[in-house]
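Report on the structure given below.
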Amino acid sequence: MKAHPGMYFGAYPAADWPLVIAAWTAADLLRLAGDGARVELVLHRGGALSASVRGATVTAPAGEGKPIEDVIRSGMWYTGLARATVVHAGPWRPCELVGGEQVWRDLDVIIRSDLDGALFGVPDGQWWRDGVSRLAAVLSSPRHRPADGQRVHVIDEATGDRAELP
């Protein structure tokens with residue numbers, strides 16, 4: 001995956017790849033939370049990315065026995081492009097069994113990815129420069145636009161810039 005990362009990002013230049021990863025992360029969390037959801041996305045000054053959502057529902061085939069965090073991470077293929085990604089889901093509750101699936105409801109999910117500057121060819125942390133407005137442009141494209149009623153609240157930790165997108 002890291003050998004040819006450009007194939008995943010379409011026409012976006014390498015300097016925007018971290019923003020595309022941020023858009024994918026937000027989209028996956030919004031998908032877990034459903035209609036009217038809001039993701040909080042933080043662009044950290046050291047180059048990391050964190051995202052959180054409340055009210056998520058996660059499903060997995062019954063009998064797999066994977067921890068909930070692994071179930072969530074398995075749906076986020078692009079975490080293989082990061083140095084490390086940590087997933088936290090809580091408060092912990094036993095899952096329900098519904099039609100052959102395990103279902104966890106009303107979770108708060110938090111993701112933190114330490115992105116790899118060598119992959120983007122940009123010094124660590126530099127990829128967030130003007131990140132809020134550049135992320136707004138990525139999220140305005142049909143490919144990355146959240147569904148109607150869903151929002152992304154983005155905060156640039158280094159500058160204090162913030163916006164409610166799209």
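We name chains A, B, ... following the order of the structure tokens; residues begin at 1 in each chain, and ligands are numbered from 1 as shown.
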message: Which residues are near A:Asp156? Cut-off 12 Å, only C-alpha atoms, ignore same chain within fewer than 5 positions. Put them as a list in words.
response: Leu19, Glu40, Leu41, Val42, Leu43, His44, Arg45, Gly46, Gly47, Ala48, Leu49, Ser50, Gly125, Gln126, Trp127, Trp128, Arg129, Asp130, Gly131, Val132, Ser133, Arg134, Leu135, Asp161, Arg162 and Ala163 of chain A
- prompt: So, counting only C-alpha atoms, which residue among A:Pro166, A:Ala60, A:Trp77, A:Leu107 is closest to A:Val138?
  reply: A:Pro166
query: Quick one: DSSP strand (DSSP E or B) residues in stretch 25-140 of chain A, as a ChimeraX atom specification?
result: /A:38-43,49-61,82-90,96-98,101-115
message: Let me make sure I understand: among A:His88, A:Ala23, A:Trp104, A:Tyr8, which one has the smallest atom-to-atom distance to A:Gly55 if we use only C-alpha atoms?
response: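 Of A:His88, A:Ala23, A:Trp104, A:Tyr8, the one nearest A:Gly55, counting only C-alpha atoms, is A:Trp104.
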- request: For each of A:Ile110, A:Leu139, A:Ala37, A:Val122, take the minimum atom-to-atom distance to A:Ala51, counting only C-alpha atoms, then give the residue where this is smallest.
  value: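 So, comparing all the options, the nearest one is A:Ile110.
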- request: as a count of residues only, list the residues of stretch 10-161 of chain A assigned to helix (DSSP H, G or I) by DSSP on the backbone atoms of this structure.
  value: 49
Shell around A:Val39 at 7 Å using only C-alpha atoms, local window under 3 positions removed, as a PDB file with N, CA and C atoms, in the first residue's frame:
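What landed in selection.pdb:
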```pdb
ATOM      1  N   ALA A  26     -13.474  11.300   8.339  1.00  0.00           N
ATOM      2  CA  ALA A  26     -14.756  11.931   8.679  1.00  0.00           C
ATOM      3  C   ALA A  26     -15.915  11.160   8.061  1.00  0.00           C
ATOM      4  N   LEU A  29     -16.653   7.925   9.996  1.00  0.00           N
ATOM      5  CA  LEU A  29     -17.320   8.167  11.280  1.00  0.00           C
ATOM      6  C   LEU A  29     -18.753   8.637  11.070  1.00  0.00           C
ATOM      7  N   LEU A  30     -18.989   9.466  10.069  1.00  0.00           N
ATOM      8  CA  LEU A  30     -20.356   9.914   9.777  1.00  0.00           C
ATOM      9  C   LEU A  30     -21.233   8.731   9.381  1.00  0.00           C
ATOM     10  N   ALA A  51     -10.240  12.474  15.115  1.00  0.00           N
ATOM     11  CA  ALA A  51     -11.640  12.669  14.751  1.00  0.00           C
ATOM     12  C   ALA A  51     -12.493  11.930  15.764  1.00  0.00           C
ATOM     13  N   SER A  52     -13.656  12.497  16.060  1.00  0.00           N
ATOM     14  CA  SER A  52     -14.558  11.839  16.996  1.00  0.00           C
ATOM     15  C   SER A  52     -15.997  12.065  16.573  1.00  0.00           C
ATOM     16  N   VAL A  53     -16.841  11.131  16.978  1.00  0.00           N
ATOM     17  CA  VAL A  53     -18.268  11.223  16.712  1.00  0.00           C
ATOM     18  C   VAL A  53     -19.008  10.571  17.882  1.00  0.00           C
ATOM     19  N   ARG A 151     -22.369  17.016   9.299  1.00  0.00           N
ATOM     20  CA  ARG A 151     -21.423  18.129   9.393  1.00  0.00           C
ATOM     21  C   ARG A 151     -20.063  17.641   9.865  1.00  0.00           C
ATOM     22  N   VAL A 152     -19.037  18.399   9.492  1.00  0.00           N
ATOM     23  CA  VAL A 152     -17.677  18.183   9.975  1.00  0.00           C
ATOM     24  C   VAL A 152     -17.227  19.491  10.605  1.00  0.00           C
ATOM     25  N   HIS A 153     -16.945  19.456  11.900  1.00  0.00           N
ATOM     26  CA  HIS A 153     -16.395  20.625  12.597  1.00  0.00           C
ATOM     27  C   HIS A 153     -14.885  20.412  12.634  1.00  0.00           C
TER      28      HIS A 153
END
```
message: I'd like the neighbourhood of A:Val58 as JSON, numbers by chain, where a residue qualifies if any of its atoms comes within 9 Å (using only C-alpha atoms), though same-chain residues fewer than 3 positions away should be ignored.
response: {"A": [32, 33, 68, 71, 72, 102, 103, 104, 105, 106, 107]}
message: Can you pull out the residues contacting A:Glu69? Cut-off 10 Å, using only C-alpha atoms, and skip same-chain residues under 5 positions away; I want them as a list of chain:residue names.
response: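 So, after excluding close chain neighbours, the residues are A:Val58, A:Ser74, A:Val86, A:Val87, A:His88, A:Ala89, A:Gly90, A:Val109, A:Ile110, A:Ile111.
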- request: List the neighbours of A:Gly63 out to 12 Å using only C-alpha atoms; skip same-chain residues closer than 2 positions along the sequence, and give me the result as a VMD selection string.
  value: chain A and resid 59 to 61 65 to 67 95 97 100 to 103
